[in-house]
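Trainee: The following file, start27.json, comprises JSON, C-alpha atoms and all ligand atoms:
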```
[["chain", "number", "residue", "atom", "x", "y", "z"],
["A", 1, "MET", "CA", -8.23, 29.59, 20.86],
["A", 2, "SER", "CA", -9.89, 32.03, 23.22],
["A", 3, "GLY", "CA", -12.86, 34.35, 22.90],
["A", 4, "THR", "CA", -16.11, 33.51, 21.19],
["A", 5, "PRO", "CA", -16.04, 31.24, 18.15],
["A", 6, "LEU", "CA", -17.62, 32.80, 15.10],
["A", 7, "LEU", "CA", -19.34, 29.50, 14.43],
["A", 8, "SER", "CA", -20.19, 26.93, 17.07],
["A", 9, "ILE", "CA", -21.96, 23.62, 16.52],
["A", 10, "ALA", "CA", -22.47, 21.22, 19.41],
["A", 11, "HIS", "CA", -23.68, 17.62, 19.29],
["A", 12, "ALA", "CA", -25.03, 17.56, 15.76],
["A", 13, "SER", "CA", -26.40, 14.23, 14.55],
["A", 14, "VAL", "CA", -27.97, 13.58, 11.17],
["A", 15, "ARG", "CA", -29.70, 10.34, 10.21],
["A", 16, "ARG", "CA", -30.35, 9.30, 6.62],
["A", 17, "GLY", "CA", -31.36, 5.92, 5.26],
["A", 18, "GLY", "CA", -31.49, 4.39, 8.75],
["A", 19, "LYS", "CA", -27.94, 5.33, 9.78],
["A", 20, "TYR", "CA", -26.07, 8.22, 11.30],
["A", 21, "ILE", "CA", -24.25, 10.11, 8.56],
["A", 22, "LEU", "CA", -23.26, 12.68, 11.18],
["A", 23, "ASP", "CA", -22.80, 11.20, 14.62],
["A", 24, "ASP", "CA", -22.67, 13.62, 17.55],
["A", 25, "VAL", "CA", -20.29, 16.10, 15.94],
["A", 26, "SER", "CA", -19.19, 19.29, 17.67],
["A", 27, "PHE", "CA", -17.23, 21.93, 15.79],
["A", 28, "ASP", "CA", -16.09, 25.43, 16.72],
["A", 29, "LEU", "CA", -14.53, 27.84, 14.26],
["A", 30, "TYR", "CA", -12.68, 30.98, 15.31],
["A", 31, "GLU", "CA", -12.05, 34.03, 13.20],
["A", 32, "GLY", "CA", -9.01, 33.56, 10.97],
["A", 33, "GLN", "CA", -8.78, 29.85, 11.78],
["A", 34, "ASN", "CA", -8.55, 28.62, 8.20],
["A", 35, "THR", "CA", -9.51, 24.96, 8.28],
["A", 36, "ALA", "CA", -9.38, 21.99, 5.94],
["A", 37, "ILE", "CA", -11.79, 19.10, 6.41],
["A", 38, "ILE", "CA", -10.47, 15.86, 4.96],
["A", 39, "GLY", "CA", -11.53, 12.23, 5.10],
["A", 40, "PRO", "CA", -12.59, 9.31, 2.91],
["A", 41, "ASN", "CA", -15.59, 9.52, 0.56],
["A", 42, "GLY", "CA", -18.83, 9.30, 2.50],
["A", 43, "ALA", "CA", -17.20, 10.43, 5.76],
["A", 44, "GLY", "CA", -19.80, 13.15, 6.34],
["A", 45, "LYS", "CA", -17.74, 16.17, 5.27],
["A", 46, "SER", "CA", -20.40, 17.72, 3.05],
["A", 47, "THR", "CA", -23.08, 16.96, 5.62],
["A", 48, "LEU", "CA", -21.10, 18.87, 8.26],
["A", 49, "VAL", "CA", -20.62, 21.84, 5.91],
["A", 50, "ASN", "CA", -24.34, 21.75, 5.10],
["A", 51, "VAL", "CA", -25.07, 21.88, 8.84],
["A", 52, "MET", "CA", -22.75, 24.90, 9.09],
["A", 53, "CYS", "CA", -24.74, 26.76, 6.43],
["A", 54, "ARG", "CA", -28.07, 25.33, 7.63],
["A", 55, "GLU", "CA", -28.90, 23.49, 4.46],
["A", 56, "VAL", "CA", -29.14, 20.34, 6.57],
["A", 57, "HIS", "CA", -30.84, 20.35, 9.97],
["A", 58, "PRO", "CA", -29.56, 17.91, 12.60],
["A", 59, "LEU", "CA", -31.87, 15.94, 14.86],
["A", 60, "ALA", "CA", -33.59, 18.34, 17.25],
["A", 61, "ARG", "CA", -32.09, 16.95, 20.45],
["A", 62, "VAL", "CA", -31.69, 19.05, 23.59],
["A", 63, "GLU", "CA", -27.91, 18.79, 23.43],
["A", 64, "TYR", "CA", -27.74, 20.14, 19.86],
["A", 65, "SER", "CA", -26.89, 23.81, 19.49],
["A", 66, "TYR", "CA", -25.88, 26.15, 16.68],
["A", 67, "SER", "CA", -24.52, 29.63, 16.92],
["A", 68, "LEU", "CA", -23.07, 31.91, 14.25],
["A", 69, "PHE", "CA", -21.60, 35.28, 15.24],
["A", 70, "GLY", "CA", -23.21, 34.76, 18.62],
["A", 71, "SER", "CA", -26.71, 34.37, 17.23],
["A", 72, "THR", "CA", -28.77, 31.21, 17.03],
["A", 73, "ARG", "CA", -31.42, 32.47, 14.61],
["A", 74, "TRP", "CA", -30.42, 33.01, 11.01],
["A", 75, "PRO", "CA", -32.88, 33.69, 8.20],
["A", 76, "VAL", "CA", -31.47, 32.12, 5.04],
["A", 77, "ALA", "CA", -31.06, 35.41, 3.18],
["A", 78, "ARG", "CA", -28.96, 36.86, 6.02],
["A", 79, "LEU", "CA", -26.96, 33.68, 6.34],
["A", 80, "ARG", "CA", -25.84, 34.01, 2.72],
["A", 81, "LEU", "CA", -24.32, 37.41, 3.50],
["A", 82, "VAL", "CA", -21.93, 35.93, 6.05],
["A", 83, "LEU", "CA", -21.29, 32.43, 4.70],
["A", 84, "GLY", "CA", -20.20, 32.02, 1.10],
["A", 85, "HIS", "CA", -20.82, 28.40, 0.14],
["A", 86, "VAL", "CA", -19.41, 26.62, -2.89],
["A", 87, "SER", "CA", -20.66, 23.07, -3.45],
["A", 88, "GLN", "CA", -21.09, 20.52, -6.21],
["A", 89, "ALA", "CA", -24.83, 21.20, -6.17],
["A", 90, "GLU", "CA", -24.19, 24.89, -6.91],
["A", 91, "THR", "CA", -21.97, 23.92, -9.83],
["A", 92, "MET", "CA", -24.93, 22.24, -11.47],
["A", 93, "LEU", "CA", -27.33, 25.06, -10.65],
["A", 94, "ILE", "CA", -25.24, 27.74, -12.38],
["A", 95, "ASP", "CA", -24.77, 25.67, -15.53],
["A", 96, "THR", "CA", -27.22, 27.82, -17.51],
["A", 97, "THR", "CA", -27.30, 30.21, -20.47],
["A", 98, "TYR", "CA", -26.97, 33.15, -18.06],
["A", 99, "THR", "CA", -23.69, 34.99, -18.43],
["A", 100, "VAL", "CA", -20.90, 35.00, -15.87],
["A", 101, "TYR", "CA", -21.86, 38.56, -14.99],
["A", 102, "GLU", "CA", -25.53, 37.66, -14.48],
["A", 103, "ILE", "CA", -24.70, 34.60, -12.39],
["A", 104, "VAL", "CA", -22.37, 36.57, -10.12],
["A", 105, "LEU", "CA", -24.60, 39.64, -9.89],
["A", 106, "SER", "CA", -27.73, 37.59, -9.14],
["A", 107, "ALA", "CA", -26.08, 36.07, -6.03],
["A", 108, "LEU", "CA", -26.64, 39.48, -4.43],
["A", 109, "TYR", "CA", -30.37, 38.74, -4.63],
["A", 110, "SER", "CA", -30.02, 35.05, -3.68],
["A", 111, "ALA", "CA", -31.14, 34.22, -7.22],
["A", 112, "ILE", "CA", -29.68, 32.31, -10.13],
["A", 113, "GLY", "CA", -29.71, 34.64, -13.12],
["A", 114, "LEU", "CA", -31.51, 37.94, -13.46],
["A", 115, "ASP", "CA", -35.19, 38.10, -14.19],
["A", 116, "PHE", "CA", -37.53, 41.03, -14.77],
["A", 117, "HIS", "CA", -38.21, 41.81, -11.12],
["A", 118, "ILE", "CA", -34.56, 42.33, -10.24],
["A", 119, "THR", "CA", -33.22, 45.84, -10.90],
["A", 120, "PRO", "CA", -29.56, 45.92, -9.91],
["A", 121, "THR", "CA", -28.22, 49.09, -8.35],
["A", 122, "ASP", "CA", -24.97, 50.67, -9.55],
["A", 123, "GLU", "CA", -23.36, 49.57, -6.30],
["A", 124, "ASP", "CA", -24.38, 45.95, -6.93],
["A", 125, "ARG", "CA", -23.06, 46.10, -10.50],
["A", 126, "ARG", "CA", -19.77, 47.40, -9.15],
["A", 127, "LYS", "CA", -19.57, 44.57, -6.60],
["A", 128, "ALA", "CA", -20.20, 41.96, -9.29],
["A", 129, "LEU", "CA", -17.54, 43.43, -11.60],
["A", 130, "GLU", "CA", -15.06, 43.51, -8.73],
["A", 131, "ALA", "CA", -15.74, 39.88, -7.74],
["A", 132, "ILE", "CA", -15.36, 38.79, -11.38],
["A", 133, "ALA", "CA", -12.10, 40.73, -11.78],
["A", 134, "LYS", "CA", -10.74, 39.16, -8.59],
["A", 135, "VAL", "CA", -10.99, 35.65, -10.05],
["A", 136, "GLY", "CA", -9.62, 36.82, -13.42],
["A", 137, "LEU", "CA", -12.79, 36.32, -15.46],
["A", 138, "THR", "CA", -13.41, 39.86, -16.71],
["A", 139, "HIS", "CA", -12.67, 38.86, -20.32],
["A", 140, "LEU", "CA", -15.34, 36.14, -20.12],
["A", 141, "MET", "CA", -18.01, 37.97, -18.20],
["A", 142, "ASP", "CA", -20.48, 38.16, -21.11],
["A", 143, "LYS", "CA", -20.18, 34.47, -21.97],
["A", 144, "PRO", "CA", -22.97, 32.04, -21.01],
["A", 145, "VAL", "CA", -21.82, 29.91, -18.11],
["A", 146, "ASN", "CA", -22.73, 26.68, -19.92],
["A", 147, "THR", "CA", -20.11, 27.45, -22.59],
["A", 148, "LEU", "CA", -17.25, 27.75, -20.08],
["A", 149, "SER", "CA", -14.58, 25.19, -19.20],
["A", 150, "SER", "CA", -14.88, 23.52, -15.81],
["A", 151, "GLY", "CA", -12.06, 25.71, -14.47],
["A", 152, "GLU", "CA", -13.89, 28.83, -15.57],
["A", 153, "LYS", "CA", -17.13, 27.55, -14.05],
["A", 154, "ALA", "CA", -15.34, 26.93, -10.76],
["A", 155, "LYS", "CA", -14.04, 30.48, -10.79],
["A", 156, "THR", "CA", -17.52, 31.81, -11.59],
["A", 157, "LEU", "CA", -18.83, 29.93, -8.58],
["A", 158, "ILE", "CA", -16.19, 31.29, -6.27],
["A", 159, "ALA", "CA", -16.85, 34.83, -7.51],
["A", 160, "ARG", "CA", -20.55, 34.20, -6.89],
["A", 161, "SER", "CA", -19.91, 33.08, -3.33],
["A", 162, "ALA", "CA", -17.56, 36.02, -2.68],
["A", 163, "VAL", "CA", -19.71, 38.80, -4.19],
["A", 164, "ASN", "CA", -21.48, 39.43, -0.88],
["A", 165, "ASP", "CA", -18.04, 39.82, 0.71],
["A", 166, "PRO", "CA", -18.82, 37.16, 3.34],
["A", 167, "PRO", "CA", -16.43, 36.91, 6.31],
["A", 168, "VAL", "CA", -16.53, 33.09, 6.07],
["A", 169, "MET", "CA", -16.19, 30.93, 2.95],
["A", 170, "LEU", "CA", -17.15, 27.25, 2.89],
["A", 171, "LEU", "CA", -15.56, 25.59, -0.12],
["A", 172, "ASP", "CA", -16.72, 22.01, -0.57],
["A", 173, "GLU", "CA", -14.57, 20.21, -3.14],
["A", 174, "ALA", "CA", -14.65, 23.45, -5.06],
["A", 175, "SER", "CA", -11.71, 22.61, -7.31],
["A", 176, "ASN", "CA", -12.68, 19.02, -8.04],
["A", 177, "ALA", "CA", -13.14, 19.35, -11.79],
["A", 178, "LEU", "CA", -9.98, 21.33, -12.43],
["A", 179, "ASP", "CA", -6.78, 20.37, -14.21],
["A", 180, "PHE", "CA", -3.62, 20.94, -12.20],
["A", 181, "PRO", "CA", -2.64, 24.39, -13.55],
["A", 182, "SER", "CA", -6.22, 25.58, -12.85],
["A", 183, "ARG", "CA", -5.99, 24.08, -9.38],
["A", 184, "ALA", "CA", -2.88, 26.11, -8.66],
["A", 185, "GLU", "CA", -4.68, 29.24, -9.83],
["A", 186, "PHE", "CA", -7.68, 28.30, -7.72],
["A", 187, "ARG", "CA", -5.45, 27.90, -4.66],
["A", 188, "ARG", "CA", -4.00, 31.35, -5.26],
["A", 189, "THR", "CA", -7.49, 32.84, -5.40],
["A", 190, "VAL", "CA", -8.53, 31.13, -2.17],
["A", 191, "SER", "CA", -5.26, 32.23, -0.53],
["A", 192, "SER", "CA", -5.98, 35.81, -1.49],
["A", 193, "TYR", "CA", -9.40, 35.62, 0.21],
["A", 194, "ALA", "CA", -7.68, 34.24, 3.32],
["A", 195, "ARG", "CA", -5.14, 37.05, 3.30],
["A", 196, "GLU", "CA", -7.96, 39.59, 3.02],
["A", 197, "GLY", "CA", -9.16, 38.30, 6.36],
["A", 198, "LYS", "CA", -11.91, 35.91, 5.34],
["A", 199, "THR", "CA", -12.02, 32.69, 7.32],
["A", 200, "ILE", "CA", -11.80, 29.73, 4.96],
["A", 201, "VAL", "CA", -13.21, 26.24, 5.53],
["A", 202, "MET", "CA", -12.21, 23.96, 2.69],
["A", 203, "VAL", "CA", -13.36, 20.39, 2.20],
["A", 204, "THR", "CA", -11.13, 18.25, 0.08],
["A", 205, "HIS", "CA", -10.01, 14.69, -0.35],
["A", 206, "GLU", "CA", -6.75, 15.88, -1.93],
["A", 207, "LEU", "CA", -4.08, 17.13, 0.45],
["A", 208, "ALA", "CA", -2.56, 19.02, -2.48],
["A", 209, "GLU", "CA", -5.57, 21.36, -2.40],
["A", 210, "ILE", "CA", -4.85, 22.59, 1.10],
["A", 211, "ILE", "CA", -3.64, 26.17, 0.87],
["A", 212, "GLU", "CA", -0.70, 27.37, 2.96],
["A", 213, "GLU", "CA", -2.96, 29.67, 4.98],
["A", 214, "VAL", "CA", -4.79, 26.65, 6.42],
["A", 215, "SER", "CA", -3.56, 26.11, 9.98],
["A", 216, "ARG", "CA", -6.04, 23.50, 11.18],
["A", 217, "VAL", "CA", -7.02, 20.15, 9.74],
["A", 218, "VAL", "CA", -10.11, 18.18, 10.76],
["A", 219, "VAL", "CA", -10.31, 14.52, 9.76],
["A", 220, "MET", "CA", -13.71, 12.86, 9.42],
["A", 221, "LYS", "CA", -14.62, 9.22, 9.09],
["A", 222, "GLY", "CA", -17.91, 7.39, 9.48],
["A", 223, "GLY", "CA", -19.84, 10.54, 10.38],
["A", 224, "ARG", "CA", -17.46, 11.53, 13.16],
["A", 225, "ILE", "CA", -14.50, 13.84, 13.67],
["A", 226, "VAL", "CA", -11.61, 11.46, 14.34],
["A", 227, "ALA", "CA", -8.78, 14.02, 14.48],
["A", 228, "ASP", "CA", -8.61, 17.79, 14.75],
["A", 229, "GLY", "CA", -5.54, 19.93, 15.28],
["A", 230, "PRO", "CA", -2.66, 21.90, 13.78],
["A", 231, "LYS", "CA", -1.95, 21.01, 10.15],
["A", 232, "GLU", "CA", 1.61, 19.84, 10.85],
["A", 233, "GLU", "CA", 0.39, 17.38, 13.49],
["A", 234, "ILE", "CA", -2.60, 15.99, 11.61],
["A", 235, "LEU", "CA", -1.00, 15.52, 8.20],
["A", 236, "ASP", "CA", 1.02, 12.71, 9.63],
["A", 237, "GLU", "CA", 1.68, 9.41, 7.85],
["A", 238, "ASP", "CA", 0.79, 7.19, 10.83],
["A", 239, "LEU", "CA", -2.34, 9.11, 11.70],
["A", 240, "LEU", "CA", -3.67, 9.14, 8.12],
["A", 241, "SER", "CA", -2.69, 5.49, 7.55],
["A", 242, "GLU", "CA", -4.90, 4.57, 10.49],
["A", 243, "VAL", "CA", -7.81, 6.69, 9.20],
["A", 244, "TYR", "CA", -7.66, 5.35, 5.64],
["A", 245, "GLY", "CA", -6.88, 1.78, 6.68],
["A", 246, "GLN", "CA", -3.85, 1.54, 4.41],
["A", 247, "ARG", "CA", -0.30, 2.86, 4.31],
["A", 248, "VAL", "CA", -0.32, 6.57, 3.44],
["A", 249, "TYR", "CA", 2.81, 8.45, 2.40],
["A", 250, "ILE", "CA", 3.01, 12.23, 2.63],
["A", 251, "ASP", "CA", 5.31, 14.66, 0.89],
["A", 252, "ARG", "CA", 5.73, 18.26, 1.85],
["A", 253, "ARG", "CA", 7.03, 20.89, -0.51],
["A", 254, "GLY", "CA", 6.99, 24.50, 0.63],
["A", 255, "GLY", "CA", 3.75, 24.91, 2.53],
["A", 256, "LEU", "CA", 1.92, 22.34, 0.42],
["A", 257, "TYR", "CA", 1.35, 18.62, 0.92],
["A", 258, "THR", "CA", 0.64, 15.62, -1.26],
["A", 259, "ALA", "CA", -0.40, 12.13, -0.19],
["A", 260, "TRP", "CA", -0.47, 8.79, -1.91],
["A", 261, "CYS", "CA", -0.98, 5.15, -0.98],
["B", 1, "LIG", "N1", -30.11, 12.07, 1.67],
["B", 1, "LIG", "C1", -29.36, 11.00, 1.95],
["B", 1, "LIG", "N2", -29.90, 9.76, 2.09],
["B", 1, "LIG", "C2", -29.13, 8.68, 2.38],
["B", 1, "LIG", "N3", -27.79, 8.75, 2.55],
["B", 1, "LIG", "C3", -27.20, 9.95, 2.43],
["B", 1, "LIG", "C4", -27.94, 11.14, 2.12],
["B", 1, "LIG", "N4", -27.07, 12.18, 2.06],
["B", 1, "LIG", "C5", -25.86, 11.65, 2.31],
["B", 1, "LIG", "N5", -25.93, 10.33, 2.53],
["B", 1, "LIG", "C6", -24.82, 9.42, 2.85],
["B", 1, "LIG", "O1", -24.16, 9.95, 3.98],
["B", 1, "LIG", "C7", -22.77, 9.73, 3.91],
["B", 1, "LIG", "C8", -22.03, 11.03, 4.10],
["B", 1, "LIG", "O2", -22.24, 11.86, 2.98],
["B", 1, "LIG", "P1", -21.40, 13.17, 2.71],
["B", 1, "LIG", "O3", -21.56, 14.09, 3.87],
["B", 1, "LIG", "O4", -21.81, 13.68, 1.38],
["B", 1, "LIG", "O5", -19.91, 12.61, 2.68],
["B", 1, "LIG", "P2", -18.57, 13.24, 2.10],
["B", 1, "LIG", "O6", -18.84, 14.65, 1.73],
["B", 1, "LIG", "O7", -17.57, 13.09, 3.21],
["B", 1, "LIG", "O8", -18.18, 12.39, 0.94],
["B", 1, "LIG", "C9", -22.52, 9.05, 2.58],
["B", 1, "LIG", "O9", -22.41, 7.68, 2.79],
["B", 1, "LIG", "C10", -23.76, 9.37, 1.78],
["B", 1, "LIG", "O10", -24.02, 8.37, 0.83],
["B", 2, "MG", "MG", -18.71, 15.66, -0.05]]
```
Could you spell out this file's structure in structure tokens?
Mentor:
Amino acid sequence: MSGTPLLSIAHASVRRGGKYILDDVSFDLYEGQNTAIIGPNGAGKSTLVNVMCREVHPLARVEYSYSLFGSTRWPVARLRLVLGHVSQAETMLIDTTYTVYEIVLSALYSAIGLDFHITPTDEDRRKALEAIAKVGLTHLMDKPVNTLSSGEKAKTLIARSAVNDPPVMLLDEASNALDFPSRAEFRRTVSSYAREGKTIVMVTHELAEIIEEVSRVVVMKGGRIVADGPKEEILDEDLLSEVYGQRVYIDRRGGLYTAWC
């Protein structure tokens, strides 16, 4: 890729519990370069995504650098406008008696739910309704989030992360709790964001989650990036067998993949 990456991380290391959970990782992301990050449990995938959205700060070494849209300084509120982040932690945070509408609308104020000091504008209300319609939840928008199914919660979360219309979406195991028909629906929603021109970074341990629009796959293991390249090259039986330390078989159907051991 040429030009300036929209996100550039160089030499990020994170230590927790006396060991490196991210070990000198560099990662550039270009506009439109939809990327899947895969790897065994505990590989450091979520840590890397949390470094991308500055929820985790790497060791302050001279060689470490971070740049997003060419800028190194990002106040959290501004960061949320350009990076939509869906994580397991968020799933728990939205599990409240606030309605779908309130949970989505309140993301515009970096809040969870609406309280008395938030007075939404008509424009904000319109944005929330649009984001909810996009994920197909209009009929449920007045229901408390804690009464929804896990599939509906996942959609609420994706609407919440998309309501600011961020150019980049970071989806960390966002479809984990879903049954397979809901996963297919979820993939279609993510694909539609990609086709709108958003750059998608999706973390998953299931190859079947990887949407067709993903062109690049990054493999992590032991806090490091161990492979990074075009999807067709990386989703290779020999390569993944080596990473997972056991024989991996891969099937491809249409633009989608499945793997098993
Ligand atoms: N705050 C923490 N303290 C100690 N260990 C942590 C902490 N956060 C993460 N880890 C460990 O770091 C490793 C990488 O975590 P994570 O990035 O969540 O992996 P992944 O998302 O690939 O499953 C795991 O072994 C995890 O247990
Ligand atoms: Mg994780």
Trainee: Neighbours of ligand MG 2 (chain B) within 9 Å, counting only C-alpha atoms and all ligand atoms, as a short mmCIF file (atom, residue, chain, number, x, y, z; two decimals) with C-alpha atoms, keeping the file's coordinate frame?
Mentor:
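In the end it all went to pocket-v3.cif:
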```cif
data_model
loop_
_atom_site.label_atom_id
_atom_site.label_comp_id
_atom_site.auth_asym_id
_atom_site.auth_seq_id
_atom_site.Cartn_x
_atom_site.Cartn_y
_atom_site.Cartn_z
CA ASN A 41 -15.59 9.52 0.56
CA GLY A 42 -18.83 9.30 2.50
CA ALA A 43 -17.20 10.43 5.76
CA GLY A 44 -19.80 13.15 6.34
CA LYS A 45 -17.74 16.17 5.27
CA SER A 46 -20.40 17.72 3.05
CA THR A 47 -23.08 16.96 5.62
CA VAL A 49 -20.62 21.84 5.91
CA SER A 87 -20.66 23.07 -3.45
CA GLN A 88 -21.09 20.52 -6.21
CA ASP A 172 -16.72 22.01 -0.57
CA GLU A 173 -14.57 20.21 -3.14
CA VAL A 203 -13.36 20.39 2.20
CA THR A 204 -11.13 18.25 0.08
CA HIS A 205 -10.01 14.69 -0.35
#
```
Trainee: Do you have the CA of Ser13 in chain A-CA of Ala60 in chain A distance handy?
Mentor: 8.7 Å
Trainee: Just need the box for ligand LIG 1 (chain B), edges along x, y and z, holding every atom the file lists for it with 8 Å tacked onto each side, so centre and edge lengths in Å to one decimal, as AutoDock Vina command-line options.
Mentor:
```
--center_x -23.8 --center_y 11.2 --center_z 2.5 --size_x 28.5 --size_y 23.0 --size_z 19.3
```
Trainee: Name the residues in contact with Ala208 in chain A at a cut-off of 8 Å, using all atoms listed in the file, excluding same-chain residues fewer than 5 positions from it; report them as JSON, numbers by chain.
Mentor: {"A": [256, 257, 258, 259]}
Trainee: Could you tell me which of A:Ile21, A:Val135, A:Leu178, A:Ala36 comes closest to Leu48 in chain A if we count all atoms listed in the file?
Mentor: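 Among the listed residues, A:Ile21 lies closest to Leu48 in chain A.
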Trainee: Measure the distance from CA of Ile37 in chain A to CA of Ala10 in chain A in Å and round it to one decimal.
Mentor: 17.0 Å
Trainee: Between A:Gly254, A:Gly84, A:Gly113, A:Pro181, single out the one closest to Lys198 in chain A, counting all atoms listed in the file.
Mentor: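 Smallest separation from Lys198 in chain A among the options: A:Gly84.
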Trainee: Quick one: distance from atom N3 of ligand LIG 1 (chain B) to CA of Gly39 in chain A in Å, one decimal?
Mentor: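 We find that atom N3 of ligand LIG 1 (chain B) and CA of Gly39 in chain A lie 16.8 Å from each other.
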Trainee: List the spatial neighbours of Asn164 in chain A as a ChimeraX atom specification - criterion: any atom at most 12 Å away, all atoms listed in the file, same-chain residues fewer than 5 positions off excluded.
Mentor: /A:77-85,104-110,123-128,130-131,158-159,169,198
